[in-house]
file model.txt (compact mmCIF, C-alpha atoms)
# COMPACT_ATOMS: atom_id res chain seq x y z
CA MET A 266 41.00 40.10 46.24
CA ASP A 267 42.60 37.39 48.40
CA LEU A 268 39.90 34.82 47.59
CA LEU A 269 40.37 35.08 43.85
CA ASP A 270 44.16 35.11 44.11
CA THR A 271 43.97 31.91 46.15
CA LEU A 272 41.51 30.24 43.78
CA THR A 273 43.56 31.21 40.72
CA ALA A 274 46.78 29.86 42.23
CA LYS A 275 45.10 26.59 43.17
CA GLY A 276 43.46 26.26 39.77
CA LEU A 277 46.70 26.82 37.90
CA ARG A 278 48.20 23.98 39.93
CA GLY A 279 45.16 21.76 39.34
CA GLU A 280 44.22 21.84 43.01
CA VAL A 281 40.68 21.81 44.38
CA PRO A 282 39.45 24.69 46.57
CA THR A 283 37.79 24.20 49.93
CA ARG A 284 34.02 24.11 50.23
CA GLU A 285 34.17 27.46 52.00
CA GLU A 286 36.06 29.00 49.08
CA ALA A 287 33.57 27.57 46.59
CA LEU A 288 30.68 28.99 48.58
CA ALA A 289 32.43 32.35 48.71
CA VAL A 290 32.50 32.49 44.89
CA LEU A 291 28.71 32.21 44.82
CA ALA A 292 28.46 34.97 47.42
CA THR A 293 30.48 37.54 45.46
CA THR A 294 28.77 40.76 44.40
CA ASP A 295 28.01 42.12 40.95
CA ASP A 296 30.80 44.67 41.47
CA GLU A 297 33.23 41.75 41.75
CA LEU A 298 31.77 39.75 38.85
CA LEU A 299 34.30 40.65 36.16
CA ASP A 300 37.13 39.88 38.57
CA VAL A 301 35.57 36.45 39.19
CA VAL A 302 35.29 35.80 35.44
CA ALA A 303 38.88 36.93 34.86
CA ALA A 304 40.20 34.64 37.60
CA ALA A 305 38.26 31.64 36.29
CA GLY A 306 39.43 32.55 32.79
CA LYS A 307 43.07 32.23 33.81
CA VAL A 308 42.40 28.71 35.06
CA ARG A 309 40.46 27.82 31.92
CA ARG A 310 43.26 29.05 29.64
CA ARG A 311 45.90 27.20 31.68
CA TRP A 312 44.33 23.83 30.87
CA PHE A 313 42.34 24.43 27.68
CA GLY A 314 43.84 27.48 25.99
CA ARG A 315 41.30 29.36 23.88
CA ARG A 316 39.67 26.26 22.41
CA VAL A 317 35.90 25.70 22.50
CA LYS A 318 34.64 22.16 22.03
CA LEU A 319 31.37 21.93 20.11
CA ASN A 320 28.83 19.21 20.89
CA TYR A 321 25.67 18.42 18.95
CA LEU A 322 22.52 16.77 20.27
CA VAL A 323 20.44 14.27 18.32
CA ASN A 324 17.17 13.44 20.07
CA LEU A 325 16.57 9.82 19.07
CA LYS A 326 13.25 9.47 20.89
CA SER A 327 11.29 12.44 22.21
CA GLY A 328 8.74 12.51 25.02
CA LEU A 329 6.85 9.38 26.09
CA CYS A 330 8.94 9.00 29.26
CA PRO A 331 7.58 7.10 32.30
CA GLU A 332 9.80 8.95 34.78
CA ASP A 333 8.47 11.90 36.81
CA CYS A 334 11.51 14.24 36.93
CA SER A 335 10.00 17.61 37.88
CA TYR A 336 12.24 19.67 35.60
CA CYS A 337 11.74 17.74 32.39
CA SER A 338 9.38 18.55 29.51
CA GLN A 339 9.39 14.85 28.57
CA ARG A 340 8.27 13.64 32.01
CA LEU A 341 5.27 11.51 32.81
CA GLY A 342 2.24 13.80 32.80
CA SER A 343 4.00 16.71 31.09
CA LYS A 344 1.68 19.05 29.23
CA ALA A 345 4.54 20.83 27.47
CA GLU A 346 3.82 21.11 23.75
CA ILE A 347 6.98 19.37 22.65
CA LEU A 348 7.55 17.07 19.71
CA LYS A 349 6.81 13.45 20.56
CA TYR A 350 8.11 10.61 18.42
CA THR A 351 9.48 7.13 18.83
CA TRP A 352 12.92 5.95 17.67
CA LEU A 353 14.46 7.64 14.65
CA LYS A 354 15.81 5.34 11.97
CA PRO A 355 19.62 5.14 11.89
CA GLU A 356 19.80 7.05 8.60
CA GLN A 357 17.61 9.85 10.02
CA ALA A 358 19.84 10.20 13.07
CA ALA A 359 22.96 10.05 10.92
CA ASP A 360 21.62 12.86 8.70
CA ALA A 361 21.03 15.01 11.76
CA ALA A 362 24.50 14.21 13.11
CA ARG A 363 26.11 15.19 9.80
CA ALA A 364 24.54 18.63 10.06
CA GLY A 365 26.15 19.16 13.46
CA VAL A 366 29.55 17.87 12.34
CA ALA A 367 29.37 20.16 9.29
CA GLY A 368 28.86 23.04 11.71
CA GLY A 369 32.05 22.17 13.61
CA ALA A 370 30.87 19.73 16.26
CA LYS A 371 33.42 17.07 17.20
CA ARG A 372 31.07 15.18 19.53
CA VAL A 373 27.57 13.93 18.74
CA CYS A 374 25.33 13.21 21.72
CA LEU A 375 22.68 10.55 21.07
CA VAL A 376 19.84 10.93 23.56
CA ALA A 377 16.63 8.98 24.08
CA SER A 378 13.92 9.58 26.64
CA GLY A 379 12.88 6.80 28.98
CA ARG A 380 13.85 5.09 32.20
CA GLY A 381 16.50 3.03 30.50
CA PRO A 382 17.18 1.03 27.33
CA THR A 383 16.06 -2.46 26.49
CA ASP A 384 18.51 -4.75 24.75
CA ARG A 385 16.64 -3.99 21.52
CA ASP A 386 17.21 -0.29 22.15
CA ILE A 387 20.93 -0.95 22.49
CA ASP A 388 20.77 -2.65 19.10
CA ARG A 389 19.05 0.42 17.63
CA VAL A 390 21.71 2.74 19.02
CA THR A 391 24.45 0.41 17.81
CA ASP A 392 23.06 0.65 14.29
CA THR A 393 22.83 4.42 14.58
CA MET A 394 26.42 4.74 15.77
CA ALA A 395 27.57 2.60 12.87
CA ALA A 396 25.78 4.89 10.41
CA ILE A 397 27.38 7.97 11.97
CA LYS A 398 30.86 6.45 12.11
CA ASP A 399 30.59 5.31 8.50
CA ALA A 400 30.20 8.94 7.50
CA ASP A 401 32.89 10.26 9.86
CA PRO A 402 35.06 7.72 11.74
CA GLU A 403 36.68 10.46 13.83
CA VAL A 404 33.53 11.89 15.38
CA GLU A 405 33.12 11.30 19.12
CA ILE A 406 29.84 9.73 20.20
CA CYS A 407 28.31 10.21 23.63
CA VAL A 408 25.21 8.16 24.46
CA CYS A 409 22.49 9.11 26.94
CA LEU A 410 19.78 6.47 27.40
CA GLY A 411 18.95 6.59 31.10
CA LEU A 412 19.60 3.83 33.62
CA LEU A 413 21.80 1.00 32.35
CA SER A 414 21.44 -2.69 33.09
CA ASP A 415 24.35 -5.10 33.40
CA ASN A 416 26.49 -5.51 30.26
CA GLN A 417 24.75 -2.72 28.34
CA ALA A 418 27.64 -0.30 28.83
CA GLU A 419 30.05 -2.93 27.52
CA ARG A 420 27.90 -3.37 24.42
CA LEU A 421 27.86 0.39 23.79
CA LYS A 422 31.63 0.58 24.20
CA ALA A 423 32.20 -2.31 21.84
CA ALA A 424 29.91 -0.67 19.28
CA GLY A 425 32.00 2.51 19.23
CA ALA A 426 30.59 4.80 21.93
CA ASP A 427 33.17 7.09 23.50
CA ALA A 428 31.21 8.45 26.46
CA TYR A 429 28.03 8.07 28.46
CA ASN A 430 26.02 10.95 29.88
CA HIS A 431 24.01 10.64 33.08
CA ASN A 432 23.72 13.80 35.17
CA LEU A 433 23.75 13.97 38.96
CA ASN A 434 21.58 17.10 38.70
CA THR A 435 21.63 17.94 42.42
CA SER A 436 22.96 16.89 45.79
CA GLU A 437 22.17 13.48 47.23
CA ASN A 438 20.33 15.00 50.16
CA THR A 439 17.79 16.75 47.95
CA TYR A 440 17.50 14.32 45.07
CA GLY A 441 14.32 12.74 46.39
CA THR A 442 12.44 16.00 45.85
CA ILE A 443 13.05 15.79 42.08
CA THR A 444 11.57 12.40 41.32
CA LYS A 445 10.05 9.39 43.01
CA THR A 446 10.53 6.92 40.17
CA HIS A 447 14.26 6.34 40.65
CA THR A 448 16.95 7.27 43.16
CA TYR A 449 20.25 9.09 43.35
CA ALA A 450 21.89 5.71 43.97
CA ASP A 451 20.43 4.44 40.68
CA ARG A 452 22.13 7.31 38.87
CA VAL A 453 25.45 6.69 40.58
CA ASP A 454 25.24 3.01 39.68
CA THR A 455 24.61 3.76 36.01
CA VAL A 456 27.65 5.97 35.51
CA GLN A 457 29.80 3.55 37.46
CA LYS A 458 28.66 0.86 35.03
CA ALA A 459 29.52 3.12 32.09
CA HIS A 460 32.91 4.09 33.41
CA GLY A 461 33.65 0.53 34.37
CA ALA A 462 33.13 -0.44 30.74
CA GLY A 463 35.73 2.08 29.63
CA LEU A 464 33.36 4.87 28.61
CA SER A 465 34.24 8.45 29.51
CA ALA A 466 31.95 9.79 32.23
CA CYS A 467 29.89 12.85 31.26
CA SER A 468 27.94 13.96 34.33
CA GLY A 469 26.79 17.38 35.41
CA LEU A 470 24.19 19.45 37.17
CA ILE A 471 21.14 21.61 36.64
CA ALA A 472 20.76 24.97 38.38
CA GLY A 473 17.87 27.37 38.76
CA MET A 474 15.29 25.64 40.95
CA GLY A 475 15.67 27.83 44.01
CA GLU A 476 18.44 25.60 45.31
CA THR A 477 20.76 26.83 48.03
CA ASP A 478 24.41 27.62 47.46
CA GLU A 479 25.21 24.62 49.64
CA ASP A 480 23.27 22.34 47.27
CA LEU A 481 25.25 23.59 44.28
CA VAL A 482 28.57 23.14 46.03
CA ASP A 483 27.57 19.66 47.20
CA VAL A 484 26.81 18.41 43.70
CA VAL A 485 29.89 20.00 42.13
CA PHE A 486 32.20 18.48 44.74
CA ALA A 487 30.46 15.13 44.26
CA LEU A 488 31.13 15.34 40.53
CA ARG A 489 34.78 16.17 41.15
CA GLU A 490 35.23 13.38 43.66
CA LEU A 491 33.55 10.89 41.34
CA GLY A 492 35.79 11.86 38.45
CA SER A 493 33.47 13.14 35.73
CA ASP A 494 35.55 13.89 32.63
CA SER A 495 32.96 16.34 31.34
CA VAL A 496 30.68 18.48 33.51
CA PRO A 497 27.65 19.93 31.69
CA VAL A 498 26.15 22.89 33.53
CA ASN A 499 22.46 23.19 32.68
CA PHE A 500 20.27 26.14 33.61
CA LEU A 501 16.60 25.26 34.03
CA ILE A 502 14.38 25.96 31.06
CA PRO A 503 10.99 26.50 32.72
CA PHE A 504 8.65 24.80 30.26
CA GLU A 505 4.95 25.50 30.53
CA GLY A 506 3.21 22.26 31.36
CA THR A 507 5.83 21.10 33.89
CA PRO A 508 5.76 21.52 37.70
CA LEU A 509 8.60 24.04 37.50
CA ALA A 510 7.16 26.30 34.82
CA LYS A 511 7.16 29.35 37.11
CA GLU A 512 10.68 28.89 38.48
CA TRP A 513 12.68 31.90 37.26
CA ASN A 514 15.47 32.15 39.81
CA LEU A 515 18.51 32.85 37.64
CA THR A 516 20.16 35.99 36.33
CA PRO A 517 23.11 36.22 33.93
CA GLN A 518 25.28 37.24 36.88
CA ARG A 519 24.21 34.24 38.94
CA CYS A 520 24.89 31.91 36.02
CA LEU A 521 28.42 33.27 35.59
CA ARG A 522 29.16 32.82 39.29
CA ILE A 523 27.92 29.22 39.12
CA LEU A 524 30.11 28.52 36.08
CA ALA A 525 33.11 30.07 37.82
CA MET A 526 32.57 27.95 40.92
CA VAL A 527 32.35 24.82 38.76
CA ARG A 528 35.58 25.78 36.98
CA PHE A 529 37.49 26.39 40.22
CA VAL A 530 36.39 23.01 41.61
CA ASN A 531 37.14 21.30 38.27
CA PRO A 532 40.12 23.23 36.91
CA ASP A 533 41.33 20.56 34.47
CA THR A 534 37.94 19.08 33.51
CA GLU A 535 35.79 19.87 30.49
CA VAL A 536 33.14 22.32 31.68
CA ARG A 537 30.25 22.67 29.25
CA ILE A 538 27.60 25.37 29.13
CA ALA A 539 24.56 23.27 28.32
CA GLY A 540 20.78 23.77 28.28
CA GLY A 541 19.40 27.21 29.08
CA ARG A 542 22.38 29.40 28.25
CA GLU A 543 20.45 31.47 25.70
CA VAL A 544 17.55 31.91 28.13
CA HIS A 545 19.54 32.89 31.20
CA LEU A 546 22.98 34.17 30.10
CA ARG A 547 21.47 36.01 27.13
CA SER A 548 23.79 38.81 25.96
CA MET A 549 26.44 37.70 28.49
CA GLN A 550 27.00 34.33 26.81
CA PRO A 551 30.45 35.36 25.50
CA LEU A 552 31.63 35.90 29.07
CA GLY A 553 30.73 32.29 29.77
CA LEU A 554 33.27 31.19 27.16
CA HIS A 555 36.01 32.68 29.34
CA ILE A 556 35.06 30.11 32.01
CA ALA A 557 33.74 27.05 30.18
CA ASN A 558 35.55 25.34 27.30
CA SER A 559 32.61 23.52 25.75
CA ILE A 560 29.08 24.29 24.51
CA PHE A 561 26.25 22.67 22.58
CA LEU A 562 25.85 23.86 19.01
CA GLY A 563 22.32 24.76 18.00
CA ASP A 564 19.23 23.14 19.47
CA TYR A 565 18.71 21.12 22.65
CA LEU A 566 16.45 18.14 23.29
CA THR A 567 13.09 19.89 23.36
CA SER A 568 13.98 23.58 23.10
CA GLU A 569 15.52 25.69 20.38
CA GLY A 570 18.94 27.18 20.90
CA GLN A 571 20.28 30.14 19.01
CA ALA A 572 21.22 29.52 15.38
CA GLY A 573 24.35 27.45 14.93
CA GLN A 574 26.01 30.18 12.88
CA ALA A 575 25.38 32.62 15.72
CA ASP A 576 27.25 30.25 18.04
CA LEU A 577 30.20 30.14 15.65
CA ASP A 578 30.20 33.92 15.27
CA MET A 579 30.09 34.36 19.04
CA ILE A 580 33.12 32.09 19.50
CA LYS A 581 35.12 33.95 16.86
CA ASP A 582 34.11 37.42 18.02
CA ALA A 583 35.08 36.59 21.62
CA GLY A 584 38.57 35.65 20.47
CA PHE A 585 38.22 31.86 20.81
CA GLU A 586 38.58 29.07 18.28
CA VAL A 587 36.66 25.87 17.63
CA GLU A 588 38.49 22.78 18.87
CA GLY A 589 39.49 20.58 15.97
CA ALA A 590 38.75 16.88 15.56
CA GLY A 591 42.41 15.99 15.98
CA GLU A 592 42.89 17.97 19.21
CA ALA A 593 42.62 16.31 22.60
CA THR A 594 40.05 17.96 24.83
CA LEU A 595 41.41 16.93 28.23
CA PRO A 596 44.90 17.88 29.42
CA ARG A 597 47.44 15.14 28.90
CA HIS A 598 47.51 14.01 32.52
CA ARG A 599 43.70 13.65 32.60
CA ALA A 600 43.67 11.88 29.26
CA ASP A 601 46.30 9.42 30.51
CA VAL A 602 44.13 8.56 33.52
CA ALA A 603 41.03 8.15 31.36
CA GLU A 604 42.88 5.91 28.90
CA ALA A 605 44.28 3.79 31.72
CA ALA A 606 40.80 3.36 33.21
CA ALA A 607 39.42 2.37 29.81
CA ALA A 608 42.23 -0.14 29.28
CA ALA A 609 41.68 -1.62 32.72
CA GLY A 610 37.97 -1.94 31.99
CA SER A 611 37.08 -1.38 35.62
CA CYS A 612 35.85 1.44 37.79
CA GLY A 613 38.46 2.55 40.26
CA SER A 614 38.72 5.18 42.92
CA ALA A 615 37.99 8.87 42.55
CA ALA A 616 41.62 9.41 41.73
CA SER A 617 41.29 7.07 38.78
CA ALA A 618 38.43 9.05 37.26
CA CYS A 619 35.45 6.90 38.24
CA GLY A 620 32.40 8.88 37.21
CA SER A 621 28.89 9.14 38.55
CA GLY A 622 25.77 10.90 37.50
CA GLY A 623 22.28 10.58 36.17
CA GLY A 624 19.64 12.02 33.95
CA CYS A 625 19.34 12.32 30.23
CA GLY A 626 20.80 15.31 28.49
CA PRO A 627 20.32 19.02 29.12
CA CYS A 628 16.59 19.44 29.49
CA GLY A 629 15.98 21.40 32.68
CA GLY A 630 16.80 21.81 36.35
CA HIS A 631 15.85 20.44 39.74
CA SER A 632 13.39 21.18 42.49
CA HIS A 633 13.75 21.32 46.23
CA GLY A 634 10.14 22.00 47.08
CA ALA A 635 10.30 24.96 49.44
CA PRO A 636 13.95 26.08 49.29
CA GLU A 637 15.65 27.55 52.31
CA ALA A 638 17.31 30.28 50.28
CA ALA A 639 15.29 33.10 48.75
CA PRO A 640 15.25 33.20 44.94
CA VAL A 641 18.01 35.24 43.37
CA THR A 642 16.62 38.62 42.36
CA GLU A 643 19.59 40.79 41.55
CA GLY A 644 19.57 42.18 38.04
CA THR A 645 15.93 41.19 37.40
CA ASP A 646 14.38 44.65 37.14
CA ASP A 647 12.65 43.67 33.91
CA GLY A 648 11.32 40.40 35.29
CA PRO A 649 11.79 36.87 33.93
CA ARG A 650 12.16 36.37 30.19
CA GLU A 651 9.57 33.67 29.54
CA ASP A 652 9.46 34.79 25.91
CA LEU A 653 12.90 33.26 25.33
CA VAL A 654 11.71 29.69 25.88
CA LYS A 655 11.05 28.20 22.45
CA VAL A 656 9.85 24.64 22.03
CA ARG A 657 11.93 22.82 19.41
CA ARG A 658 10.06 22.39 16.13
CA ARG A 659 12.97 21.62 13.82
CA GLY A 660 15.78 19.15 13.39
CA ALA A 661 15.85 15.43 14.09
CA GLY A 662 12.39 13.91 14.05
CA THR A 663 10.91 16.64 11.81
CA GLU A 664 10.94 17.56 8.17
CA LEU A 665 12.77 20.79 8.99
CA ALA A 666 16.54 21.01 8.83
CA PRO A 667 18.41 21.63 12.10
CA ASN A 668 19.92 25.05 12.58
CA ALA A 669 23.60 24.06 12.50

call {"tool": "encode", "arguments": {"input": "model.txt", "output": "structure tokens"}}
result
Amino acid sequence: MDLLDTLTAKGLRGEVPTREEALAVLATTDDELLDVVAAAGKVRRRWFGRRVKLNYLVNLKSGLCPEDCSYCSQRLGSKAEILKYTWLKPEQAADAARAGVAGGAKRVCLVASGRGPTDRDIDRVTDTMAAIKDADPEVEICVCLGLLSDNQAERLKAAGADAYNHNLNTSENTYGTITKTHTYADRVDTVQKAHGAGLSACSGLIAGMGETDEDLVDVVFALRELGSDSVPVNFLIPFEGTPLAKEWNLTPQRCLRILAMVRFVNPDTEVRIAGGREVHLRSMQPLGLHIANSIFLGDYLTSEGQAGQADLDMIKDAGFEVEGAGEATLPRHRADVAEAAAAAGSCGSAASACGSGGGCGPCGGHSHGAPEAAPVTEGTDDGPREDLVKVRRRGAGTELAPNA
């Protein structure tokens, strides 16, 4: 297939495909699916070998959010029966983090719901990071607190944070259909603040809201141009009690094509399969490992993932290995750029890895109101699998141990 030969050659050289080529990946048929996965797999192995980076979420504050993001179970007015609690104590969060690290995670993601942190919240997170680093100085810490004010990113960096997550979620043109309480520009500004302070930019997307192929390509190219070091790919978890509870537009095949397109556009960037993989990829999750080089271990913010041991077994059975704490995730040339940006302490051009994004962690997808494209229906003979959505009732914030 000429398209896949071209994309593979470009990916092996670290080159970005054209928009038309990226769109063509999403338009491939099920008969071509394994060829698409194999081509993306060659690019993945060129830059990341057979390593899988494990990340572990700790939900520091659940629910109680004033924002109205349509996809999120923690949104203002959500009737989703999720756990709701205010800030965990540092020792509680550190205990949860230790469980993830014991399961093989090299990065702990500290997430809190809300529009953005107060200075007191930054103090809380600083104390939490100190407790985690005391137990394991080598663990990476990514923080996700919403919109940042001036000097907050610098405080997080000085306290030991390695990265900041804030997802773009969707294209700029359609962002206003997701939420009215903040803007796409607010999200861009936050990750520019984070990257300007020397934090690695973690910014991704959410698929599954009936978006068009053009929307997906727009957001992925925006992420590439803005220099996200890590691109989480979330698949909407349609929680009951949210505006998007009935949105079941994804199949395992569609998810794999989306992951492949993201990999081709970001050949040398960490691509992470994030929220919703168990719900939408289901038995085809191992194929996703041939495209992405990073996953979350165990549970998500407000939904249960598969058991942590099942994740580890899946990685081993698929012929991959867990990335060790002493191994660099990014290829050397990308790491050099990231380190130079951190040393400079300023946000440069796209070529110097200036990130952008928005959102807080992998909790859902995005809405476009009435989408132009019809929902994806291939491979859905048995209908949507609503039974796979499980609200998280264990882990941080509960008396039950996490599943890692």

call {"tool": "closest_residue", "arguments": {"input": "model.txt", "among": "A:Gly411, A:Gly425, A:Gly563, A:Gly342", "to": "Lys458 of chain A", "atoms": "all atoms listed in the file"}}
result
A:Gly411

call {"tool": "closest_atom_pairs", "arguments": {"input": "model.txt", "of": "segment 545-601 of chain A", "to": "segment 352-376 of chain A", "cutoff": "12 Å", "atoms": "all atoms listed in the file", "output": "tab-separated table"}}
result
residue	atom	partner	partner_atom	distance
A:Ser559	CA	A:Ala370	CA	10.4
A:Ile560	CA	A:Ala370	CA	9.6
A:Phe561	CA	A:Ala370	CA	8.4
A:Leu562	CA	A:Ala370	CA	7.1
A:Gly563	CA	A:Gly365	CA	8.2
A:Asp564	CA	A:Gly365	CA	10.0
A:Tyr565	CA	A:Val376	CA	10.3
A:Leu566	CA	A:Val376	CA	8.0
A:Thr567	CA	A:Val376	CA	11.2
A:Ala572	CA	A:Gly368	CA	10.7
A:Gly573	CA	A:Gly368	CA	7.1
A:Gln574	CA	A:Gly368	CA	7.8
A:Ala575	CA	A:Gly368	CA	11.0
A:Asp576	CA	A:Gly368	CA	9.7
A:Leu577	CA	A:Gly368	CA	8.2
A:Asp578	CA	A:Gly368	CA	11.5
A:Ile580	CA	A:Gly369	CA	11.6
A:Glu586	CA	A:Gly369	CA	10.6
A:Val587	CA	A:Gly369	CA	7.1
A:Glu588	CA	A:Lys371	CA	7.8
A:Gly589	CA	A:Lys371	CA	7.1
A:Ala590	CA	A:Lys371	CA	5.6
A:Gly591	CA	A:Lys371	CA	9.1
A:Glu592	CA	A:Lys371	CA	9.7
A:Ala593	CA	A:Lys371	CA	10.7
A:Thr594	CA	A:Lys371	CA	10.1

call {"tool": "write_last_selection", "arguments": {"input": "model.txt", "atoms": "C-alpha atoms", "output": "CSV table (one decimal), keeping the file's coordinate frame"}}
result
chain,number,residue,atom,x,y,z
A,559,SER,CA,32.6,23.5,25.8
A,560,ILE,CA,29.1,24.3,24.5
A,561,PHE,CA,26.2,22.7,22.6
A,562,LEU,CA,25.8,23.9,19.0
A,563,GLY,CA,22.3,24.8,18.0
A,564,ASP,CA,19.2,23.1,19.5
A,565,TYR,CA,18.7,21.1,22.6
A,566,LEU,CA,16.4,18.1,23.3
A,567,THR,CA,13.1,19.9,23.4
A,572,ALA,CA,21.2,29.5,15.4
A,573,GLY,CA,24.4,27.4,14.9
A,574,GLN,CA,26.0,30.2,12.9
A,575,ALA,CA,25.4,32.6,15.7
A,576,ASP,CA,27.2,30.2,18.0
A,577,LEU,CA,30.2,30.1,15.6
A,578,ASP,CA,30.2,33.9,15.3
A,580,ILE,CA,33.1,32.1,19.5
A,586,GLU,CA,38.6,29.1,18.3
A,587,VAL,CA,36.7,25.9,17.6
A,588,GLU,CA,38.5,22.8,18.9
A,589,GLY,CA,39.5,20.6,16.0
A,590,ALA,CA,38.8,16.9,15.6
A,591,GLY,CA,42.4,16.0,16.0
A,592,GLU,CA,42.9,18.0,19.2
A,593,ALA,CA,42.6,16.3,22.6
A,594,THR,CA,40.0,18.0,24.8

call {"tool": "atom_distance", "arguments": {"input": "model.txt", "atom1": "atom CA of Val453 of chain A", "atom2": "atom CA of Leu491 of chain A"}}
result
9.2 Å

call {"tool": "atom_distance", "arguments": {"input": "model.txt", "atom1": "atom CA of Pro508 of chain A", "atom2": "atom CA of Ala487 of chain A"}}
result
26.3 Å

call {"tool": "atom_distance", "arguments": {"input": "model.txt", "atom1": "atom CA of Glu332 of chain A", "atom2": "atom CA of Ala466 of chain A"}}
result
22.3 Å

call {"tool": "closest_residue", "arguments": {"input": "model.txt", "among": "A:Asn324, A:Gln339, A:Asn430, A:Asn416", "to": "Thr393 of chain A", "atoms": "only C-alpha atoms"}}
result
A:Asn324

call {"tool": "residues_around", "arguments": {"input": "model.txt", "residues": "Val281 of chain A", "least_positions_apart": "4", "cutoff": "9 Å", "atoms": "all atoms listed in the file", "output": "list in words"}}
result
Leu272, Lys275, Gly276, Arg489, Phe529, Val530, Asn531 and Pro532 of chain A

call {"tool": "residues_around", "arguments": {"input": "model.txt", "residues": "Arg547 of chain A", "least_positions_apart": "4", "cutoff": "12 Å", "atoms": "all atoms listed in the file", "output": "ChimeraX atom specification"}}
result
/A:500,515-518,520-521,541-543,551-553,570-571,579,649-650,653-654

call {"tool": "closest_residue", "arguments": {"input": "model.txt", "among": "A:Gly463, A:Gly469, A:Val527, A:Leu501", "to": "Leu546 of chain A", "atoms": "all atoms listed in the file"}}
result
A:Leu501

call {"tool": "closest_residue", "arguments": {"input": "model.txt", "among": "A:Cys334, A:Leu341, A:Leu470, A:Leu299", "to": "Met549 of chain A", "atoms": "only C-alpha atoms"}}
result
A:Leu299

call {"tool": "residues_around", "arguments": {"input": "model.txt", "residues": "segment 434-451 of chain A", "least_positions_apart": "2", "cutoff": "6 Å", "atoms": "all atoms listed in the file", "output": "list in words"}}
result
Glu332, Asp333, Cys334, Ser335, Asn432, Val453, Asp454, Leu470, Ile471, Asp480, Asp483, Val484, His631, Ser632 and His633 of chain A

call {"tool": "write_last_selection", "arguments": {"input": "model.txt", "atoms": "C-alpha atoms", "output": "PDB file, in the coordinates of the input"}}
result
ATOM      1  CA  GLU A 332       9.800   8.950  34.780  1.00  0.00           C
ATOM      2  CA  ASP A 333       8.470  11.900  36.810  1.00  0.00           C
ATOM      3  CA  CYS A 334      11.510  14.240  36.930  1.00  0.00           C
ATOM      4  CA  SER A 335      10.000  17.610  37.880  1.00  0.00           C
ATOM      5  CA  ASN A 432      23.720  13.800  35.170  1.00  0.00           C
ATOM      6  CA  VAL A 453      25.450   6.690  40.580  1.00  0.00           C
ATOM      7  CA  ASP A 454      25.240   3.010  39.680  1.00  0.00           C
ATOM      8  CA  LEU A 470      24.190  19.450  37.170  1.00  0.00           C
ATOM      9  CA  ILE A 471      21.140  21.610  36.640  1.00  0.00           C
ATOM     10  CA  ASP A 480      23.270  22.340  47.270  1.00  0.00           C
ATOM     11  CA  ASP A 483      27.570  19.660  47.200  1.00  0.00           C
ATOM     12  CA  VAL A 484      26.810  18.410  43.700  1.00  0.00           C
ATOM     13  CA  HIS A 631      15.850  20.440  39.740  1.00  0.00           C
ATOM     14  CA  SER A 632      13.390  21.180  42.490  1.00  0.00           C
ATOM     15  CA  HIS A 633      13.750  21.320  46.230  1.00  0.00           C
TER      16      HIS A 633
END

call {"tool": "residues_around", "arguments": {"input": "model.txt", "residues": "Arg311 of chain A", "least_positions_apart": "4", "cutoff": "10 Å", "atoms": "all atoms listed in the file", "output": "count of residues only"}}
result
11

call {"tool": "residues_near_point", "arguments": {"input": "model.txt", "point": "(42.7, 14.3, 32.6)", "cutoff": "10 Å", "atoms": "only C-alpha atoms", "output": "VMD selection string"}}
result
chain A and resid 312 492 to 494 533 to 535 594 to 604 617 to 618

call {"tool": "decode", "arguments": {"input": "model.txt", "residues": "segment 307-315 of chain A", "atoms": "N, CA and C atoms", "output": "short mmCIF file (atom, residue, chain, number, x, y, z; two decimals), in the first residue's frame"}}
result
data_model
loop_
_atom_site.label_atom_id
_atom_site.label_comp_id
_atom_site.auth_asym_id
_atom_site.auth_seq_id
_atom_site.Cartn_x
_atom_site.Cartn_y
_atom_site.Cartn_z
N LYS A 307 6.22 -0.22 13.18
CA LYS A 307 7.61 -0.01 12.76
C LYS A 307 8.13 1.33 13.23
N VAL A 308 7.27 2.35 13.13
CA VAL A 308 7.67 3.69 13.57
C VAL A 308 7.85 3.70 15.09
N ARG A 309 6.93 3.09 15.80
CA ARG A 309 7.02 3.03 17.25
C ARG A 309 8.31 2.36 17.69
N ARG A 310 8.65 1.23 17.08
CA ARG A 310 9.86 0.49 17.48
C ARG A 310 11.13 1.25 17.10
N ARG A 311 11.07 2.05 16.03
CA ARG A 311 12.25 2.83 15.64
C ARG A 311 12.67 3.78 16.74
N TRP A 312 11.69 4.41 17.41
CA TRP A 312 12.01 5.44 18.39
C TRP A 312 11.92 4.97 19.84
N PHE A 313 11.15 3.90 20.09
CA PHE A 313 10.89 3.49 21.47
C PHE A 313 11.12 2.01 21.72
N GLY A 314 11.60 1.28 20.72
CA GLY A 314 11.85 -0.13 20.91
C GLY A 314 10.58 -0.86 21.32
N ARG A 315 10.72 -1.78 22.27
CA ARG A 315 9.56 -2.54 22.75
C ARG A 315 9.23 -2.17 24.20
#
